[in-house]
Number of protein chains: 2
Amino acid sequence: MKTAFVMSYLGTAYHGWQRQKNALTVQEVMEETLARLCARRPAVSGCGRTDAGVHAEYYVASADIETGVPLDRMPLALGSLLPKDVSVRRAIAVPEDFDARFSCKSKEYTYRIHNSRVRDPFYADRAYFFPQRLDERAMAEAAQGFVGKRDFAAVKSEGSPVKSTVRTVEYCRVRREGDMVLVSVRADGFLYNMVRAITGTLIYCGIGKLSPQDVPLLLAGGRREDTGPTAPACGLYMTDAFYGMEELDGQAGGAGK
Amino acid sequence: MKTAFVMSYLGTAYHGWQRQKNALTVQEVMEETLARLCARRPAVSGCGRTDAGVHAEYYVASADIETGVPLDRMPLALGSLLPKDVSVRRAIAVPEDFDARFSCKSKEYTYRIHNSRVRDPFYADRAYFFPQRLDERAMAEAAQGFVGKRDFAAVKSEGSPVKSTVRTVEYCRVRREGDMVLVSVRADGFLYNMVRAITGTLIYCGIGKLSPQDVPLLLAGGRREDTGPTAPACGLYMTDAFYGMEELDGQAGGAGK
């Protein structure tokens, strides 16, 4: 039975989502844990390939499983088997052709910048500590330059070949909550390190190293070396995945701090 | 120069505050780190002896230091030397007879219970996961039984001999924030594991195993075995320390999640 799992995980201890030969990943943990409840080990598909150290407040995975455990019991059953930094919040029956990766229409990532003169131990590995004061208004203005159907080659890291670097960003928002500055980006797809490069570019706008008016020009130029640095993985969270299905959507947020 | 340090720490990796021979403690970390900025290694006094795994959002330490670092630079200077799970938020000049432990008039601890059917990986080691539904109204009513000048022997663990088990609890409050139930206790002093035993007793009231009316009787009885279990260390936070000094007080909260 094809099943979707709404998950959360703290990525600090993992080399990202996707299975690797010599490093622990969330996909491997999920597959091995499901194997203990199912007749055979299922292949688990995930809505995005998060990098090492990246977190997920709202992550959707899917697998074809055969198990005697009722779906509404799955969160508890998996909860007792999964490590404490991974949890399954809901398990939902989905059509046979559903795939967490390929059926996904859009996703939201949120980047957390702890903008304070003093480190906060409770944010270690959970936000990017940036002590220089950020002008969140300049950042919010600059963020508008990333919205729309555009070529995002200028905010893509080397490493994973793609056919096209054109993506559609639905929104790119910056807001401040006390000493936390949050960057939220929703798009139909993301290039490698795209949100982290967008955030690095917005930080440059927030300290006056770039102006908001520069962003459209830099994007049009398409050169990674012209935009800001790639912000570190620890501040990045997957915060939503959208499938156009009532059972799966509109449930975002919740977990993260 | 006698100096007070307002600190925060995530206690997960430490065997509490107080220096021990064969285990890492926050006091040791603080003394060794200050030693790198000072002419000689200072003895650091702390406002409370938190246990292994207990956290501090607001903790006050004091030491007599000789250093060339101006006090307003201390948080940054220490921040670059301290491990990422400990931070100094402010350093304040205090009278020579100030001592973070003995000058402290009252302290507040807050206990966090994650009351949800499903674990949240972001709360691992930071809250007590308690999946059975808690009645926070019964807990709040029961909490009133702990307020006042009373003998708290019934909520004290064995292990540290004290002259008197009488303490004055200024308030004991329970509130729910979504799926988090918080217990805040302010007192002029705390017995060993007192807040954790109070919390365990309140949890028993929250699941109907004890009634709020039982609390005064159990306290009067003075027998530890009659009250609830000691809630685990990971949910406990020191959240305030009060000295009757303008520079130090009224700055609580802030850090914690």
# chains A, B, ... in the order shown; residues from 1 in each chain; ligands from 1
>>> interface_residues(of="chain B", to="chain A", cutoff="10 Å", atoms="only C-alpha atoms", output="JSON list (two decimals) with all heavy atoms, in the first residue's frame")
[["chain", "number", "residue", "atom", "x", "y", "z"],
["B", 7, "MET", "N", 24.77, 34.08, 32.26],
["B", 7, "MET", "CA", 25.10, 33.00, 31.33],
["B", 7, "MET", "C", 23.87, 32.25, 30.86],
["B", 7, "MET", "O", 22.80, 32.31, 31.47],
["B", 7, "MET", "CB", 26.01, 31.97, 32.03],
["B", 7, "MET", "CG", 27.27, 32.54, 32.61],
["B", 7, "MET", "SD", 28.20, 31.26, 33.55],
["B", 7, "MET", "CE", 28.50, 30.04, 32.24],
["B", 8, "SER", "N", 24.04, 31.50, 29.76],
["B", 8, "SER", "CA", 23.07, 30.50, 29.31],
["B", 8, "SER", "C", 23.85, 29.24, 28.98],
["B", 8, "SER", "O", 24.97, 29.34, 28.49],
["B", 8, "SER", "CB", 22.35, 30.93, 28.03],
["B", 8, "SER", "OG", 21.62, 32.11, 28.22],
["B", 9, "TYR", "N", 23.28, 28.11, 29.23],
["B", 9, "TYR", "CA", 23.91, 26.89, 28.72],
["B", 9, "TYR", "C", 22.92, 25.78, 28.47],
["B", 9, "TYR", "O", 21.88, 25.69, 29.11],
["B", 9, "TYR", "CB", 25.07, 26.42, 29.61],
["B", 9, "TYR", "CG", 24.75, 26.16, 31.06],
["B", 9, "TYR", "CD1", 24.22, 24.94, 31.47],
["B", 9, "TYR", "CD2", 25.01, 27.11, 32.04],
["B", 9, "TYR", "CE1", 23.95, 24.69, 32.80],
["B", 9, "TYR", "CE2", 24.74, 26.87, 33.37],
["B", 9, "TYR", "CZ", 24.21, 25.66, 33.74],
["B", 9, "TYR", "OH", 23.94, 25.41, 35.07],
["B", 10, "LEU", "N", 23.27, 24.99, 27.48],
["B", 10, "LEU", "CA", 22.54, 23.77, 27.17],
["B", 10, "LEU", "C", 23.25, 22.68, 27.96],
["B", 10, "LEU", "O", 24.43, 22.40, 27.74],
["B", 10, "LEU", "CB", 22.66, 23.52, 25.67],
["B", 10, "LEU", "CG", 21.90, 22.33, 25.09],
["B", 10, "LEU", "CD1", 20.40, 22.57, 25.15],
["B", 10, "LEU", "CD2", 22.33, 22.10, 23.65],
["B", 11, "GLY", "N", 22.55, 22.06, 28.90],
["B", 11, "GLY", "CA", 23.22, 21.18, 29.85],
["B", 11, "GLY", "C", 23.46, 19.76, 29.39],
["B", 11, "GLY", "O", 24.10, 18.98, 30.11],
["B", 55, "HIS", "N", 19.38, 22.44, 32.05],
["B", 55, "HIS", "CA", 19.79, 23.60, 31.25],
["B", 55, "HIS", "C", 19.65, 24.90, 32.03],
["B", 55, "HIS", "O", 18.99, 24.94, 33.06],
["B", 55, "HIS", "CB", 18.93, 23.68, 29.99],
["B", 55, "HIS", "CG", 18.73, 22.37, 29.31],
["B", 55, "HIS", "ND1", 19.76, 21.70, 28.69],
["B", 55, "HIS", "CD2", 17.63, 21.56, 29.19],
["B", 55, "HIS", "CE1", 19.32, 20.56, 28.20],
["B", 55, "HIS", "NE2", 18.02, 20.45, 28.49],
["B", 56, "ALA", "N", 20.23, 25.95, 31.48],
["B", 56, "ALA", "CA", 20.05, 27.28, 32.08],
["B", 56, "ALA", "C", 19.84, 28.30, 30.98],
["B", 56, "ALA", "O", 20.67, 28.46, 30.09],
["B", 56, "ALA", "CB", 21.27, 27.66, 32.92],
["B", 57, "GLU", "N", 18.70, 28.96, 31.03],
["B", 57, "GLU", "CA", 18.46, 30.10, 30.15],
["B", 57, "GLU", "C", 19.04, 31.36, 30.78],
["B", 57, "GLU", "O", 19.49, 32.27, 30.08],
["B", 57, "GLU", "CB", 16.96, 30.32, 29.96],
["B", 57, "GLU", "CG", 16.34, 29.40, 28.97],
["B", 57, "GLU", "CD", 14.87, 29.71, 28.78],
["B", 57, "GLU", "OE1", 14.41, 30.80, 29.13],
["B", 57, "GLU", "OE2", 14.17, 28.82, 28.30],
["B", 75, "PRO", "N", 31.42, 39.40, 26.81],
["B", 75, "PRO", "CA", 30.60, 38.39, 26.12],
["B", 75, "PRO", "C", 31.22, 37.95, 24.80],
["B", 75, "PRO", "O", 31.29, 36.75, 24.50],
["B", 75, "PRO", "CB", 29.27, 39.10, 25.90],
["B", 75, "PRO", "CG", 29.19, 40.08, 27.04],
["B", 75, "PRO", "CD", 30.61, 40.58, 27.21],
["B", 76, "LEU", "N", 31.72, 38.90, 24.00],
["B", 76, "LEU", "CA", 32.33, 38.54, 22.73],
["B", 76, "LEU", "C", 33.64, 37.78, 22.93],
["B", 76, "LEU", "O", 33.89, 36.78, 22.27],
["B", 76, "LEU", "CB", 32.59, 39.81, 21.89],
["B", 76, "LEU", "CG", 31.39, 40.31, 21.11],
["B", 76, "LEU", "CD1", 31.75, 41.58, 20.36],
["B", 76, "LEU", "CD2", 30.92, 39.24, 20.12],
["B", 78, "LEU", "N", 34.66, 36.04, 25.55],
["B", 78, "LEU", "CA", 34.39, 34.69, 26.06],
["B", 78, "LEU", "C", 33.69, 33.84, 25.00],
["B", 78, "LEU", "O", 33.93, 32.64, 24.89],
["B", 78, "LEU", "CB", 33.53, 34.77, 27.33],
["B", 78, "LEU", "CG", 34.25, 35.27, 28.58],
["B", 78, "LEU", "CD1", 33.25, 35.62, 29.68],
["B", 78, "LEU", "CD2", 35.23, 34.21, 29.09],
["B", 79, "GLY", "N", 32.83, 34.50, 24.20],
["B", 79, "GLY", "CA", 32.09, 33.77, 23.17],
["B", 79, "GLY", "C", 32.99, 33.07, 22.17],
["B", 79, "GLY", "O", 32.66, 32.00, 21.67],
["B", 80, "SER", "N", 34.15, 33.67, 21.91],
["B", 80, "SER", "CA", 35.05, 33.05, 20.94],
["B", 80, "SER", "C", 35.86, 31.92, 21.57],
["B", 80, "SER", "O", 36.51, 31.16, 20.86],
["B", 80, "SER", "CB", 35.98, 34.11, 20.36],
["B", 80, "SER", "OG", 36.79, 34.65, 21.39],
["B", 83, "PRO", "N", 32.80, 26.79, 24.57],
["B", 83, "PRO", "CA", 32.15, 25.85, 23.64],
["B", 83, "PRO", "C", 30.78, 26.39, 23.24],
["B", 83, "PRO", "O", 30.21, 27.25, 23.91],
["B", 83, "PRO", "CB", 32.03, 24.56, 24.45],
["B", 83, "PRO", "CG", 32.18, 24.96, 25.88],
["B", 83, "PRO", "CD", 33.00, 26.21, 25.91],
["B", 84, "LYS", "N", 30.23, 25.86, 22.14],
["B", 84, "LYS", "CA", 29.01, 26.46, 21.57],
["B", 84, "LYS", "C", 27.77, 26.25, 22.43],
["B", 84, "LYS", "O", 26.76, 26.91, 22.21],
["B", 84, "LYS", "CB", 28.77, 25.94, 20.15],
["B", 84, "LYS", "CG", 28.51, 24.45, 20.07],
["B", 84, "LYS", "CD", 28.48, 23.99, 18.62],
["B", 84, "LYS", "CE", 28.35, 22.47, 18.55],
["B", 84, "LYS", "NZ", 28.38, 21.96, 17.18],
["B", 85, "ASP", "N", 27.85, 25.35, 23.43],
["B", 85, "ASP", "CA", 26.68, 25.13, 24.28],
["B", 85, "ASP", "C", 26.71, 25.95, 25.58],
["B", 85, "ASP", "O", 25.86, 25.76, 26.46],
["B", 85, "ASP", "CB", 26.46, 23.64, 24.58],
["B", 85, "ASP", "CG", 27.73, 22.92, 24.95],
["B", 85, "ASP", "OD1", 28.74, 23.60, 25.24],
["B", 85, "ASP", "OD2", 27.73, 21.67, 24.98],
["B", 86, "VAL", "N", 27.66, 26.86, 25.68],
["B", 86, "VAL", "CA", 27.74, 27.76, 26.85],
["B", 86, "VAL", "C", 27.95, 29.17, 26.34],
["B", 86, "VAL", "O", 28.78, 29.39, 25.45],
["B", 86, "VAL", "CB", 28.92, 27.38, 27.78],
["B", 86, "VAL", "CG1", 29.01, 28.35, 28.96],
["B", 86, "VAL", "CG2", 28.78, 25.94, 28.29],
["B", 87, "SER", "N", 27.22, 30.14, 26.88],
["B", 87, "SER", "CA", 27.53, 31.52, 26.50],
["B", 87, "SER", "C", 27.36, 32.47, 27.67],
["B", 87, "SER", "O", 26.61, 32.22, 28.61],
["B", 87, "SER", "CB", 26.70, 31.97, 25.29],
["B", 87, "SER", "OG", 25.48, 32.50, 25.70],
["B", 88, "VAL", "N", 28.11, 33.56, 27.60],
["B", 88, "VAL", "CA", 28.01, 34.64, 28.58],
["B", 88, "VAL", "C", 27.32, 35.80, 27.89],
["B", 88, "VAL", "O", 27.79, 36.29, 26.86],
["B", 88, "VAL", "CB", 29.40, 35.05, 29.11],
["B", 88, "VAL", "CG1", 29.33, 36.37, 29.88],
["B", 88, "VAL", "CG2", 29.96, 33.95, 29.98],
["B", 89, "ARG", "N", 26.17, 36.19, 28.41],
["B", 89, "ARG", "CA", 25.39, 37.24, 27.76],
["B", 89, "ARG", "C", 25.81, 38.63, 28.23],
["B", 89, "ARG", "O", 25.76, 39.58, 27.46],
["B", 89, "ARG", "CB", 23.90, 37.01, 28.02],
["B", 89, "ARG", "CG", 23.39, 35.77, 27.27],
["B", 89, "ARG", "CD", 22.18, 35.13, 27.90],
["B", 89, "ARG", "NE", 21.06, 36.07, 27.99],
["B", 89, "ARG", "CZ", 19.88, 35.75, 28.52],
["B", 89, "ARG", "NH1", 19.68, 34.54, 29.02],
["B", 89, "ARG", "NH2", 18.93, 36.64, 28.57],
["B", 90, "ARG", "N", 26.16, 38.76, 29.51],
["B", 90, "ARG", "CA", 26.61, 40.05, 30.02],
["B", 90, "ARG", "C", 27.62, 39.84, 31.14],
["B", 90, "ARG", "O", 27.57, 38.83, 31.85],
["B", 90, "ARG", "CB", 25.42, 40.85, 30.56],
["B", 90, "ARG", "CG", 24.53, 41.39, 29.44],
["B", 90, "ARG", "CD", 23.39, 42.22, 30.00],
["B", 90, "ARG", "NE", 22.55, 41.44, 30.86],
["B", 90, "ARG", "CZ", 22.12, 41.85, 32.05],
["B", 90, "ARG", "NH1", 22.47, 43.05, 32.50],
["B", 90, "ARG", "NH2", 21.35, 41.08, 32.79],
["B", 117, "ARG", "N", 1.22, 13.37, 21.37],
["B", 117, "ARG", "CA", 1.23, 11.93, 21.08],
["B", 117, "ARG", "C", 2.50, 11.55, 20.31],
["B", 117, "ARG", "O", 2.93, 10.40, 20.36],
["B", 117, "ARG", "CB", 0.00, 11.54, 20.25],
["B", 117, "ARG", "CG", -1.27, 11.52, 21.10],
["B", 117, "ARG", "CD", -2.39, 10.83, 20.34],
["B", 117, "ARG", "NE", -2.12, 9.43, 20.12],
["B", 117, "ARG", "CZ", -2.42, 8.76, 19.00],
["B", 117, "ARG", "NH1", -2.99, 9.38, 18.01],
["B", 117, "ARG", "NH2", -2.14, 7.48, 18.88],
["B", 118, "VAL", "N", 3.04, 12.52, 19.57],
["B", 118, "VAL", "CA", 4.19, 12.23, 18.72],
["B", 118, "VAL", "C", 5.41, 13.01, 19.18],
["B", 118, "VAL", "O", 5.32, 14.20, 19.48],
["B", 118, "VAL", "CB", 3.85, 12.58, 17.25],
["B", 118, "VAL", "CG1", 5.04, 12.29, 16.34],
["B", 118, "VAL", "CG2", 2.63, 11.81, 16.80],
["B", 119, "ARG", "N", 6.54, 12.36, 19.23],
["B", 119, "ARG", "CA", 7.80, 13.01, 19.58],
["B", 119, "ARG", "C", 8.14, 14.12, 18.59],
["B", 119, "ARG", "O", 7.84, 14.01, 17.40],
["B", 119, "ARG", "CB", 8.94, 11.99, 19.55],
["B", 119, "ARG", "CG", 9.07, 11.18, 20.81],
["B", 119, "ARG", "CD", 10.37, 10.39, 20.80],
["B", 119, "ARG", "NE", 10.52, 9.57, 19.61],
["B", 119, "ARG", "CZ", 11.31, 9.84, 18.60],
["B", 119, "ARG", "NH1", 12.08, 10.91, 18.62],
["B", 119, "ARG", "NH2", 11.37, 9.05, 17.56],
["B", 120, "ASP", "N", 8.81, 15.14, 19.06],
["B", 120, "ASP", "CA", 9.31, 16.20, 18.21],
["B", 120, "ASP", "C", 10.84, 16.18, 18.31],
["B", 120, "ASP", "O", 11.39, 16.42, 19.38],
["B", 120, "ASP", "CB", 8.76, 17.55, 18.70],
["B", 120, "ASP", "CG", 9.21, 18.69, 17.81],
["B", 120, "ASP", "OD1", 10.29, 18.60, 17.21],
["B", 120, "ASP", "OD2", 8.48, 19.69, 17.74],
["B", 121, "PRO", "N", 11.52, 15.89, 17.19],
["B", 121, "PRO", "CA", 12.99, 15.77, 17.27],
["B", 121, "PRO", "C", 13.67, 17.04, 17.76],
["B", 121, "PRO", "O", 14.76, 16.98, 18.32],
["B", 121, "PRO", "CB", 13.41, 15.44, 15.84],
["B", 121, "PRO", "CG", 12.21, 15.55, 14.98],
["B", 121, "PRO", "CD", 10.99, 15.60, 15.85],
["B", 122, "PHE", "N", 13.00, 18.19, 17.58],
["B", 122, "PHE", "CA", 13.63, 19.45, 17.99],
["B", 122, "PHE", "C", 13.58, 19.63, 19.51],
["B", 122, "PHE", "O", 14.25, 20.50, 20.05],
["B", 122, "PHE", "CB", 12.99, 20.63, 17.27],
["B", 122, "PHE", "CG", 13.25, 20.59, 15.79],
["B", 122, "PHE", "CD1", 12.31, 20.05, 14.93],
["B", 122, "PHE", "CD2", 14.45, 21.05, 15.27],
["B", 122, "PHE", "CE1", 12.56, 19.98, 13.56],
["B", 122, "PHE", "CE2", 14.70, 20.98, 13.91],
["B", 122, "PHE", "CZ", 13.76, 20.45, 13.05],
["B", 123, "TYR", "N", 12.78, 18.84, 20.18],
["B", 123, "TYR", "CA", 12.71, 18.89, 21.65],
["B", 123, "TYR", "C", 13.50, 17.78, 22.32],
["B", 123, "TYR", "O", 13.49, 17.69, 23.55],
["B", 123, "TYR", "CB", 11.25, 18.82, 22.12],
["B", 123, "TYR", "CG", 10.40, 19.99, 21.73],
["B", 123, "TYR", "CD1", 9.08, 19.80, 21.33],
["B", 123, "TYR", "CD2", 10.91, 21.29, 21.76],
["B", 123, "TYR", "CE1", 8.27, 20.88, 20.99],
["B", 123, "TYR", "CE2", 10.11, 22.36, 21.41],
["B", 123, "TYR", "CZ", 8.79, 22.15, 21.02],
["B", 123, "TYR", "OH", 8.00, 23.20, 20.68],
["B", 124, "ALA", "N", 14.14, 16.91, 21.56],
["B", 124, "ALA", "CA", 14.91, 15.83, 22.17],
["B", 124, "ALA", "C", 15.96, 16.43, 23.11],
["B", 124, "ALA", "O", 16.65, 17.40, 22.75],
["B", 124, "ALA", "CB", 15.60, 15.00, 21.08],
["B", 125, "ASP", "N", 16.05, 15.91, 24.32],
["B", 125, "ASP", "CA", 16.98, 16.40, 25.36],
["B", 125, "ASP", "C", 16.66, 17.81, 25.85],
["B", 125, "ASP", "O", 17.42, 18.38, 26.64],
["B", 125, "ASP", "CB", 18.44, 16.39, 24.87],
["B", 125, "ASP", "CG", 18.93, 15.00, 24.56],
["B", 125, "ASP", "OD1", 18.50, 14.06, 25.26],
["B", 125, "ASP", "OD2", 19.72, 14.85, 23.61],
["B", 126, "ARG", "N", 15.55, 18.40, 25.39],
["B", 126, "ARG", "CA", 15.22, 19.77, 25.77],
["B", 126, "ARG", "C", 13.86, 19.89, 26.44],
["B", 126, "ARG", "O", 13.46, 20.98, 26.86],
["B", 126, "ARG", "CB", 15.26, 20.69, 24.55],
["B", 126, "ARG", "CG", 16.64, 20.74, 23.95],
["B", 126, "ARG", "CD", 16.68, 21.67, 22.78],
["B", 126, "ARG", "NE", 18.03, 21.72, 22.25],
["B", 126, "ARG", "CZ", 18.56, 22.76, 21.63],
["B", 126, "ARG", "NH1", 17.84, 23.84, 21.43],
["B", 126, "ARG", "NH2", 19.79, 22.73, 21.19],
["B", 131, "PRO", "N", 3.53, 11.54, 26.41],
["B", 131, "PRO", "CA", 2.47, 11.44, 25.39],
["B", 131, "PRO", "C", 1.04, 11.39, 25.94],
["B", 131, "PRO", "O", 0.11, 11.74, 25.23],
["B", 131, "PRO", "CB", 2.81, 10.14, 24.63],
["B", 131, "PRO", "CG", 3.73, 9.37, 25.52],
["B", 131, "PRO", "CD", 4.40, 10.35, 26.44],
["B", 178, "GLY", "N", 0.36, 25.50, 23.43],
["B", 178, "GLY", "CA", 0.24, 24.46, 22.40],
["B", 178, "GLY", "C", 0.45, 23.09, 23.03],
["B", 178, "GLY", "O", -0.25, 22.73, 23.97],
["B", 179, "ASP", "N", 1.42, 22.34, 22.54],
["B", 179, "ASP", "CA", 1.65, 21.01, 23.11],
["B", 179, "ASP", "C", 2.75, 21.01, 24.17],
["B", 179, "ASP", "O", 3.27, 19.96, 24.54],
["B", 179, "ASP", "CB", 1.94, 19.98, 22.00],
["B", 179, "ASP", "CG", 3.11, 20.37, 21.14],
["B", 179, "ASP", "OD1", 3.82, 21.35, 21.48],
["B", 179, "ASP", "OD2", 3.34, 19.71, 20.12],
["B", 254, "GLY", "N", 14.26, 35.17, 27.44],
["B", 254, "GLY", "CA", 15.13, 35.49, 26.30],
["B", 254, "GLY", "C", 15.58, 34.28, 25.53],
["B", 254, "GLY", "O", 15.01, 33.93, 24.51],
["B", 255, "ALA", "N", 16.56, 33.60, 26.09],
["B", 255, "ALA", "CA", 17.26, 32.58, 25.31],
["B", 255, "ALA", "C", 16.40, 31.38, 24.93],
["B", 255, "ALA", "O", 16.28, 31.04, 23.77],
["B", 255, "ALA", "CB", 18.47, 32.11, 26.10],
["B", 256, "GLY", "N", 15.75, 30.79, 25.90],
["B", 256, "GLY", "CA", 15.29, 29.41, 25.77],
["B", 256, "GLY", "C", 14.20, 29.20, 24.76],
["B", 256, "GLY", "O", 13.47, 30.12, 24.43],
["B", 257, "LYS", "N", 14.15, 27.96, 24.34],
["B", 257, "LYS", "CA", 13.13, 27.59, 23.36],
["B", 257, "LYS", "C", 11.93, 27.05, 24.11],
["B", 257, "LYS", "O", 11.92, 25.97, 24.55],
["B", 257, "LYS", "CB", 13.64, 26.53, 22.41],
["B", 257, "LYS", "CG", 15.01, 26.73, 21.84],
["B", 257, "LYS", "CD", 15.15, 27.89, 20.93],
["B", 257, "LYS", "CE", 15.28, 29.24, 21.60],
["B", 257, "LYS", "NZ", 16.40, 29.47, 22.43]]
>>> residues_around(residues="Val29 of chain A", least_positions_apart="3", cutoff="12 Å", atoms="only C-alpha atoms", output="ChimeraX atom specification")
/A:9,13-20,23-26,32-36,41-44,78,81-88
>>> residues_around(residues="Ala100 of chain B", least_positions_apart="3", cutoff="9 Å", atoms="only C-alpha atoms", output="list in words")
Ala4, Phe5, Val44, Ser45, Gly46, Cys47, Gly48, Val60, Ala61, Ser62, Ala63, Ser103, Cys104 and Tyr243 of chain B
>>> atom_distance(atom1="atom CA of Arg175 of chain B", atom2="atom CA of Glu246 of chain B")
28.0 Å
>>> atom_distance(atom1="atom CA of Asn22 of chain B", atom2="atom CA of Gly53 of chain B")
16.0 Å
>>> select_by_dssp(residues="segment 168-200 of chain B", states="alpha helix (DSSP H)", output="ChimeraX atom specification")
/B:194-200
>>> write_last_selection(atoms="C-alpha atoms", output="short mmCIF file (atom, residue, chain, number, x, y, z; two decimals), in the first residue's frame")
data_model
loop_
_atom_site.label_atom_id
_atom_site.label_comp_id
_atom_site.auth_asym_id
_atom_site.auth_seq_id
_atom_site.Cartn_x
_atom_site.Cartn_y
_atom_site.Cartn_z
CA MET B 194 12.71 19.63 44.33
CA VAL B 195 11.38 21.07 41.06
CA ARG B 196 11.61 17.71 39.33
CA ALA B 197 9.67 16.03 42.18
CA ILE B 198 7.10 18.85 42.21
CA THR B 199 6.71 18.37 38.44
CA GLY B 200 6.34 14.60 38.80
#
>>> select_by_dssp(residues="segment 126-157 of chain B", states="strand (DSSP E or B)", output="PyMOL selection string")
chain B and resi 128-129+148-151
>>> closest_residue(among="B:Asp99, B:Asp72, B:Glu66, B:Asp214", to="Met139 of chain B", atoms="only C-alpha atoms")
B:Asp214
>>> atom_distance(atom1="atom CA of Ser116 of chain A", atom2="atom CA of Ala91 of chain B")
16.2 Å
>>> decode(residues="segment 16-21 of chain A", atoms="all heavy atoms", output="short mmCIF file (atom, residue, chain, number, x, y, z; two decimals), in the first residue's frame")
data_model
loop_
_atom_site.label_atom_id
_atom_site.label_comp_id
_atom_site.auth_asym_id
_atom_site.auth_seq_id
_atom_site.Cartn_x
_atom_site.Cartn_y
_atom_site.Cartn_z
N GLY A 16 22.54 14.37 5.40
CA GLY A 16 21.44 14.70 4.53
C GLY A 16 20.43 13.57 4.42
O GLY A 16 20.45 12.61 5.20
N TRP A 17 19.52 13.72 3.47
CA TRP A 17 18.47 12.73 3.28
C TRP A 17 18.97 11.48 2.55
O TRP A 17 18.78 10.37 3.01
CB TRP A 17 17.31 13.34 2.48
CG TRP A 17 16.34 12.31 2.00
CD1 TRP A 17 16.30 11.75 0.74
CD2 TRP A 17 15.32 11.64 2.76
NE1 TRP A 17 15.31 10.80 0.68
CE2 TRP A 17 14.70 10.70 1.91
CE3 TRP A 17 14.88 11.75 4.08
CZ2 TRP A 17 13.65 9.89 2.33
CZ3 TRP A 17 13.84 10.92 4.51
CH2 TRP A 17 13.24 10.01 3.63
N GLN A 18 19.61 11.68 1.42
CA GLN A 18 19.83 10.58 0.49
C GLN A 18 20.89 9.57 0.91
O GLN A 18 22.00 9.94 1.29
CB GLN A 18 20.19 11.14 -0.89
CG GLN A 18 20.04 10.13 -1.99
CD GLN A 18 20.20 10.76 -3.36
OE1 GLN A 18 21.13 11.53 -3.60
NE2 GLN A 18 19.28 10.48 -4.24
N ARG A 19 20.54 8.30 0.80
CA ARG A 19 21.41 7.19 1.16
C ARG A 19 22.82 7.37 0.58
O ARG A 19 22.97 7.75 -0.58
CB ARG A 19 20.84 5.90 0.59
CG ARG A 19 20.76 4.77 1.59
CD ARG A 19 20.12 3.57 0.92
NE ARG A 19 19.24 2.87 1.83
CZ ARG A 19 19.67 2.00 2.76
NH1 ARG A 19 20.96 1.74 2.90
NH2 ARG A 19 18.81 1.41 3.55
N GLN A 20 23.81 7.12 1.40
CA GLN A 20 25.20 7.17 0.94
C GLN A 20 25.90 5.92 1.44
O GLN A 20 25.47 5.31 2.43
CB GLN A 20 25.91 8.40 1.51
CG GLN A 20 25.47 9.71 0.87
CD GLN A 20 26.19 10.90 1.46
OE1 GLN A 20 27.32 10.77 1.93
NE2 GLN A 20 25.55 12.05 1.45
N LYS A 21 27.00 5.60 0.77
CA LYS A 21 27.68 4.36 1.12
C LYS A 21 28.29 4.40 2.52
O LYS A 21 28.11 3.51 3.32
CB LYS A 21 28.77 4.05 0.09
CG LYS A 21 28.32 2.96 -0.85
CD LYS A 21 29.47 2.44 -1.67
CE LYS A 21 28.99 1.27 -2.55
NZ LYS A 21 29.91 1.02 -3.65
#
